[in-house]
Amino acid sequence: MSTDNGLKSGSNLEKVLRAGHFAVTGELGPPQSADPDHIKEKVGYLKGMVDAVNVTDNQTAVVRMSSLGASVLAVQEGIEPVMQMTCRDRNRLAMQADFLAAHALGVRNMLALSGDHQSFGNHPTSKNVHDMDSMQQIRMLKDLRDEKKFQCGDVMKGCEPRFFIGAAAAPEAHPVEWRPMRLAKKVAAGADFIQTQLVYNLPAFKKYMEEVRKMRLHEKTAILVGVGPLKGPAMGKYMRDFVPGITVPDDVIARIEAAAKGIDPEDKAAKQKAWRAEGIKMCIELIQEVKEIEGVAGVHVMAIEWEEAVKPLVEGAGLLPRPVV
Amino acid sequence: MQRTGECFEPQLTAFTCSYCAYMSGDTAGAMRIQYPATTKVIKLPCTGKTDARYIMSAFEDGADGVYIIACPIGNCHHVRGNERARARVVHTKKLLDQVGLGGERLDIFFLSAGMGESFAQAAKEMNDRIMRLGPSPLRMGGKEVGAGEAGEQKNGGDETGEQSVEATQ
Amino acid sequence: MIVAEQKPLEEIKGVLGDAENVLVAGCGTCVTVCLAGGEKEAQLMASALRIASRVDGTPIEATDVTVQRQCEWEYLEMIEAEVEKADLIVSLACGIGVQTFARHFPDKWVVPGLNTTFLGQPEEQGIWTEQCQACGNCMLAMTGGICPVARCSKQVQNGPCGGSEHGLCEVKRIRRVDGVPVMVKGRGGRMMPATEDVECAWHLIHDRLKEHNRLDLITGVQEPKDWTTSRDGGPRRIVREDLILMDEE
């Protein structure tokens, strides 16, 4: 397989980043059914807007079409997947088997995750796996690609799975002071790119990036900042109060709240419209600001159950058209 | 199936500590306050010694109801023995529910030494409750139920001061 | 110690079958200390079974006996006479004791009276917490005496993951009292188990290593764990040749 031009995987995302473009990734949640049209529909919103889409792996521990299957459908629909794989559902055998299958079926980006705990999802009585953690999964992906070695040490005969290896980072999770170090560990393990947890707190993220730059991690990995438009004040408060690793400053919530000022409180549709418009505007501004931070290589747009927002966001941030590399 | 009414004389077992609680019984006696004569009093060094096994034994041996008389909360001579007794009563009530006797047949009262009337009131309350519930299922067909009076009952009148777990639940 | 808790009486009654002579067997070691299956509990259980059977109208004989350790057959040998008389044994030992019973008295039927819950420590009077999973390959030297295998919800080896906030894990524990989940009204009025906070083991590890100036211990990528020493290698066995008695010549 191609190590042409020194590319690790040859994925579009890798090429975009390699060419020095500001990368944009999106998110595609597979259906809770066997319906392929669901994916086609979502791809319709995302195609041409992003360089690759994350295909989630039983996100929030709710059973969905597998990330492998949905990634292959995405490939068929002409959009590049970043296949997510959690350590929750697979041991090292199953993970490697799916890596082989994914590569054979045209998937070129893989994102290693520990996975949401099953207690959050719709099968809370299940047993989790956690044979390895995400750090070890990254290392395994790298060894498969660069050493042609299975995790057990056996050398592979034949074509090895070559992925552009992704990892997650939560800059604001606790203990905050350890987060740059944990990123360093992921980079050392072999992460080619990083997608962060949703960022709303710009000052906190800037501080994190300062540490990251001191450790020169941004030179070794491509950091894509997680951004997502707020649908309204309630969502902001929910993120602030209930999602670990996300802080939402008061001024952010105040601003989106103010968007509905002057609108008849009874007119829910009008309020929602105003909030959403403001949410998109705020997100565009955030993208523009993080773009200026040294060491930020792109954004990962998470428009949760709001795929239609991706186009106005990316367009508004001046990131269209997406580069063809 | 239950024999209630005049012909049923409840057998009650009261566990008391040897301090306030037992003395409240003495006080009741000294004041000549009448209370149901159906109660057998067993003295413990402290109600902290209350053991679910004692309670279960009492029922196995024919009691229709069991109650604990402890010092007022905060006034235990062994500091927190009465609190332990209260926790064990709550726990044993659940066990009594599970075995089919019913947790209502067990309770705890907190009395100070001078509260003779409340001592009598506790006895009356338990007696009335067991009269209502009928004999312990373990005694059904038993021979202890006499034809005599259901005990002379005299209300001490003072209904304040003591609090039962049953009442607070 | 091994921590256990009693099964609901209803469940125990359900596995007694038509036994008329039941022996409730307590164990004098771990389950005595965690107040689940010692002498007191065995006496109480026997009493409860007697009463319940009388109330149900099919009285059984239930007696009790307690040995120092049910997991060692030498102790079980001492109660052969009691066991002989019984047609069913309710063992109030951990799962090890139940199995030793079954193995040592192959013609007797033994049922567990406890759920063996975990290896843990008494946190305070009446509260126990899990500390060890007996993975067979102790990594506490690296983690400052705080076990991520037993105490991290995802057994992360390179933590803390992104779900750590204010020293707490994002995963909540189902709140149980006497082994039973406490139910509360959830969103939409549906009854659901109440939960309680769990400390993030990796946050504790981080803070402790920092305190001891030993954060260097976790800056490297910890290799995937070898689970062959854990249950994943199949039922485990230890052989100590220095202790094995040779056959007499």
# chains A, B, ... in the order shown; residues from 1 in each chain; ligands from 1
$ interface_residues --of "chain C" --to "chain A" --cutoff "6 Å" --atoms "only C-alpha atoms" --output "PyMOL selection string"
chain C and resi 156+162-165+224
$ write_last_selection --atoms "N, CA and C atoms" --output "mmCIF file, in the first residue's frame"
data_model
loop_
_atom_site.group_PDB
_atom_site.id
_atom_site.type_symbol
_atom_site.label_atom_id
_atom_site.label_comp_id
_atom_site.auth_asym_id
_atom_site.auth_seq_id
_atom_site.Cartn_x
_atom_site.Cartn_y
_atom_site.Cartn_z
ATOM 1 N N VAL C 156 -9.195 1.748 32.988
ATOM 2 C CA VAL C 156 -8.223 2.451 32.162
ATOM 3 C C VAL C 156 -6.830 2.305 32.770
ATOM 4 N N GLY C 162 -11.443 11.256 29.851
ATOM 5 C CA GLY C 162 -12.112 12.556 29.778
ATOM 6 C C GLY C 162 -13.361 12.671 30.635
ATOM 7 N N GLY C 163 -13.699 11.612 31.321
ATOM 8 C CA GLY C 163 -14.933 11.633 32.112
ATOM 9 C C GLY C 163 -14.714 11.958 33.572
ATOM 10 N N SER C 164 -13.565 12.580 33.858
ATOM 11 C CA SER C 164 -13.233 12.892 35.246
ATOM 12 C C SER C 164 -13.514 14.358 35.532
ATOM 13 N N GLU C 165 -14.313 14.618 36.543
ATOM 14 C CA GLU C 165 -14.598 16.010 36.883
ATOM 15 C C GLU C 165 -14.706 16.167 38.397
ATOM 16 N N PRO C 224 -0.412 -2.697 27.203
ATOM 17 C CA PRO C 224 -1.640 -3.465 27.461
ATOM 18 C C PRO C 224 -1.404 -4.511 28.545
#
$ closest_atom_pairs --of "chain C" --to "chain B" --cutoff "9 Å" --atoms "only C-alpha atoms" --output "JSON lines"
{"residue": "C:Pro8", "atom": "CA", "partner": "B:Gln98", "partner_atom": "CA", "distance": 8.5}
{"residue": "C:Leu9", "atom": "CA", "partner": "B:Gln98", "partner_atom": "CA", "distance": 6.7}
{"residue": "C:Glu10", "atom": "CA", "partner": "B:Gln98", "partner_atom": "CA", "distance": 7.2}
{"residue": "C:Lys40", "atom": "CA", "partner": "B:Arg53", "partner_atom": "CA", "distance": 7.6}
{"residue": "C:Glu41", "atom": "CA", "partner": "B:Arg53", "partner_atom": "CA", "distance": 8.6}
{"residue": "C:Gln43", "atom": "CA", "partner": "B:Arg53", "partner_atom": "CA", "distance": 7.1}
{"residue": "C:Leu44", "atom": "CA", "partner": "B:Arg53", "partner_atom": "CA", "distance": 5.4}
{"residue": "C:Ser47", "atom": "CA", "partner": "B:Met56", "partner_atom": "CA", "distance": 6.7}
{"residue": "C:Ala48", "atom": "CA", "partner": "B:Val99", "partner_atom": "CA", "distance": 6.1}
{"residue": "C:Leu49", "atom": "CA", "partner": "B:Val99", "partner_atom": "CA", "distance": 7.4}
{"residue": "C:Arg50", "atom": "CA", "partner": "B:Glu60", "partner_atom": "CA", "distance": 8.3}
{"residue": "C:Ile51", "atom": "CA", "partner": "B:Val99", "partner_atom": "CA", "distance": 6.3}
{"residue": "C:Ala52", "atom": "CA", "partner": "B:Val99", "partner_atom": "CA", "distance": 4.3}
{"residue": "C:Ser53", "atom": "CA", "partner": "B:Val99", "partner_atom": "CA", "distance": 8.0}
{"residue": "C:Arg54", "atom": "CA", "partner": "B:Leu138", "partner_atom": "CA", "distance": 6.5}
{"residue": "C:Val55", "atom": "CA", "partner": "B:Pro137", "partner_atom": "CA", "distance": 5.9}
{"residue": "C:Asp56", "atom": "CA", "partner": "B:Gly100", "partner_atom": "CA", "distance": 8.0}
$ residues_around --residues "region 118-131 of chain C" --least-positions-apart "4" --cutoff "10 Å" --atoms "only C-alpha atoms" --output "list in words"
Met1, Ile2, Val3, Ala4, Glu5, Cys30, Val33, Cys34, Leu35, Cys94, Ile146, Cys147, Pro148, Val149, Ala150 and Arg151 of chain C
$ residues_around --residues "region 71-74 of chain B" --least-positions-apart "5" --cutoff "10 Å" --atoms "only C-alpha atoms" --output "mmCIF file with N, CA, C and O atoms, in the first residue's frame"
data_model
loop_
_atom_site.group_PDB
_atom_site.id
_atom_site.type_symbol
_atom_site.label_atom_id
_atom_site.label_comp_id
_atom_site.auth_asym_id
_atom_site.auth_seq_id
_atom_site.Cartn_x
_atom_site.Cartn_y
_atom_site.Cartn_z
ATOM 1 N N THR B 16 -36.012 -3.683 77.869
ATOM 2 C CA THR B 16 -35.682 -2.326 78.316
ATOM 3 C C THR B 16 -34.204 -2.285 78.681
ATOM 4 O O THR B 16 -33.589 -3.313 78.942
ATOM 5 N N CYS B 17 -33.684 -1.094 78.710
ATOM 6 C CA CYS B 17 -32.348 -0.958 79.251
ATOM 7 C C CYS B 17 -32.477 -0.874 80.764
ATOM 8 O O CYS B 17 -33.578 -0.763 81.293
ATOM 9 N N SER B 18 -31.371 -0.937 81.498
ATOM 10 C CA SER B 18 -31.464 -0.954 82.953
ATOM 11 C C SER B 18 -31.445 0.459 83.534
ATOM 12 O O SER B 18 -31.423 0.625 84.732
ATOM 13 N N TYR B 19 -31.461 1.453 82.651
ATOM 14 C CA TYR B 19 -31.428 2.835 83.145
ATOM 15 C C TYR B 19 -32.805 3.463 83.024
ATOM 16 O O TYR B 19 -33.767 2.960 83.589
ATOM 17 N N CYS B 20 -32.910 4.532 82.260
ATOM 18 C CA CYS B 20 -34.161 5.279 82.147
ATOM 19 C C CYS B 20 -35.353 4.369 81.920
ATOM 20 O O CYS B 20 -36.371 4.446 82.602
ATOM 21 N N ALA B 21 -35.211 3.489 80.937
ATOM 22 C CA ALA B 21 -36.365 2.751 80.465
ATOM 23 C C ALA B 21 -36.946 1.867 81.557
ATOM 24 O O ALA B 21 -38.146 1.884 81.815
ATOM 25 N N TYR B 22 -36.054 1.121 82.227
ATOM 26 C CA TYR B 22 -36.547 0.227 83.270
ATOM 27 C C TYR B 22 -37.146 1.031 84.424
ATOM 28 O O TYR B 22 -38.166 0.683 84.996
ATOM 29 N N MET B 23 -36.475 2.174 84.700
ATOM 30 C CA MET B 23 -36.954 3.007 85.796
ATOM 31 C C MET B 23 -38.301 3.629 85.485
ATOM 32 O O MET B 23 -39.102 3.874 86.393
ATOM 33 N N SER B 24 -38.557 3.866 84.232
ATOM 34 C CA SER B 24 -39.876 4.423 83.900
ATOM 35 C C SER B 24 -40.954 3.404 84.257
ATOM 36 O O SER B 24 -42.057 3.762 84.666
ATOM 37 N N CYS B 46 -28.247 -2.358 78.229
ATOM 38 C CA CYS B 46 -28.442 -1.136 77.436
ATOM 39 C C CYS B 46 -29.200 -1.598 76.209
ATOM 40 O O CYS B 46 -29.017 -2.725 75.758
ATOM 41 N N THR B 47 -30.029 -0.742 75.629
ATOM 42 C CA THR B 47 -30.752 -1.208 74.442
ATOM 43 C C THR B 47 -29.802 -1.361 73.252
ATOM 44 O O THR B 47 -30.175 -1.932 72.238
ATOM 45 N N VAL B 79 -24.095 6.440 75.594
ATOM 46 C CA VAL B 79 -23.989 7.457 74.553
ATOM 47 C C VAL B 79 -24.931 7.235 73.361
ATOM 48 O O VAL B 79 -25.827 8.043 73.129
ATOM 49 N N ARG B 80 -24.733 6.121 72.607
ATOM 50 C CA ARG B 80 -25.551 5.976 71.405
ATOM 51 C C ARG B 80 -26.191 4.596 71.271
ATOM 52 O O ARG B 80 -26.594 4.182 70.196
ATOM 53 N N GLY B 81 -26.266 3.895 72.414
ATOM 54 C CA GLY B 81 -26.846 2.550 72.377
ATOM 55 C C GLY B 81 -28.269 2.548 71.862
ATOM 56 O O GLY B 81 -28.685 1.670 71.099
ATOM 57 N N ASN B 82 -29.026 3.586 72.262
ATOM 58 C CA ASN B 82 -30.439 3.627 71.843
ATOM 59 C C ASN B 82 -30.576 3.883 70.340
ATOM 60 O O ASN B 82 -31.513 3.412 69.696
ATOM 61 N N GLU B 83 -29.600 4.606 69.788
ATOM 62 C CA GLU B 83 -29.650 4.827 68.333
ATOM 63 C C GLU B 83 -29.408 3.521 67.595
ATOM 64 O O GLU B 83 -30.013 3.241 66.563
ATOM 65 N N ARG B 86 -32.520 1.544 67.698
ATOM 66 C CA ARG B 86 -33.501 2.037 66.733
ATOM 67 C C ARG B 86 -33.194 1.497 65.333
ATOM 68 O O ARG B 86 -34.084 1.025 64.633
ATOM 69 N N PHE B 109 -39.746 2.542 71.813
ATOM 70 C CA PHE B 109 -40.190 3.774 72.469
ATOM 71 C C PHE B 109 -39.007 4.340 73.259
ATOM 72 O O PHE B 109 -38.181 3.583 73.766
ATOM 73 N N PHE B 110 -38.966 5.637 73.343
ATOM 74 C CA PHE B 110 -37.862 6.296 74.056
ATOM 75 C C PHE B 110 -38.422 7.045 75.265
ATOM 76 O O PHE B 110 -39.167 8.010 75.105
ATOM 77 N N LEU B 111 -38.067 6.587 76.443
ATOM 78 C CA LEU B 111 -38.655 7.162 77.657
ATOM 79 C C LEU B 111 -37.576 7.519 78.670
ATOM 80 O O LEU B 111 -36.590 6.797 78.796
ATOM 81 N N SER B 112 -37.811 8.589 79.415
ATOM 82 C CA SER B 112 -36.896 8.891 80.517
ATOM 83 C C SER B 112 -37.476 8.319 81.805
ATOM 84 O O SER B 112 -38.642 7.918 81.855
ATOM 85 N N ALA B 113 -36.654 8.293 82.859
ATOM 86 C CA ALA B 113 -36.987 7.561 84.071
ATOM 87 C C ALA B 113 -38.299 8.022 84.699
ATOM 88 O O ALA B 113 -39.038 7.224 85.260
ATOM 89 N N GLY B 161 -43.917 13.113 74.568
ATOM 90 C CA GLY B 161 -42.675 12.612 75.150
ATOM 91 C C GLY B 161 -42.105 11.413 74.426
ATOM 92 O O GLY B 161 -40.942 11.378 74.098
ATOM 93 N N GLU B 162 -42.906 10.420 74.126
ATOM 94 C CA GLU B 162 -42.353 9.243 73.460
ATOM 95 C C GLU B 162 -42.725 9.278 71.980
ATOM 96 O O GLU B 162 -43.703 9.880 71.581
ATOM 97 N N GLN B 163 -41.888 8.645 71.240
ATOM 98 C CA GLN B 163 -42.116 8.602 69.800
ATOM 99 C C GLN B 163 -41.806 7.200 69.347
ATOM 100 O O GLN B 163 -40.772 6.656 69.683
#
$ select_by_dssp --residues "region 40-193 of chain A" --states "alpha helix (DSSP H)" --output "PyMOL selection string"
chain A and resi 40-46+67-76+92-104+134-142+179-189
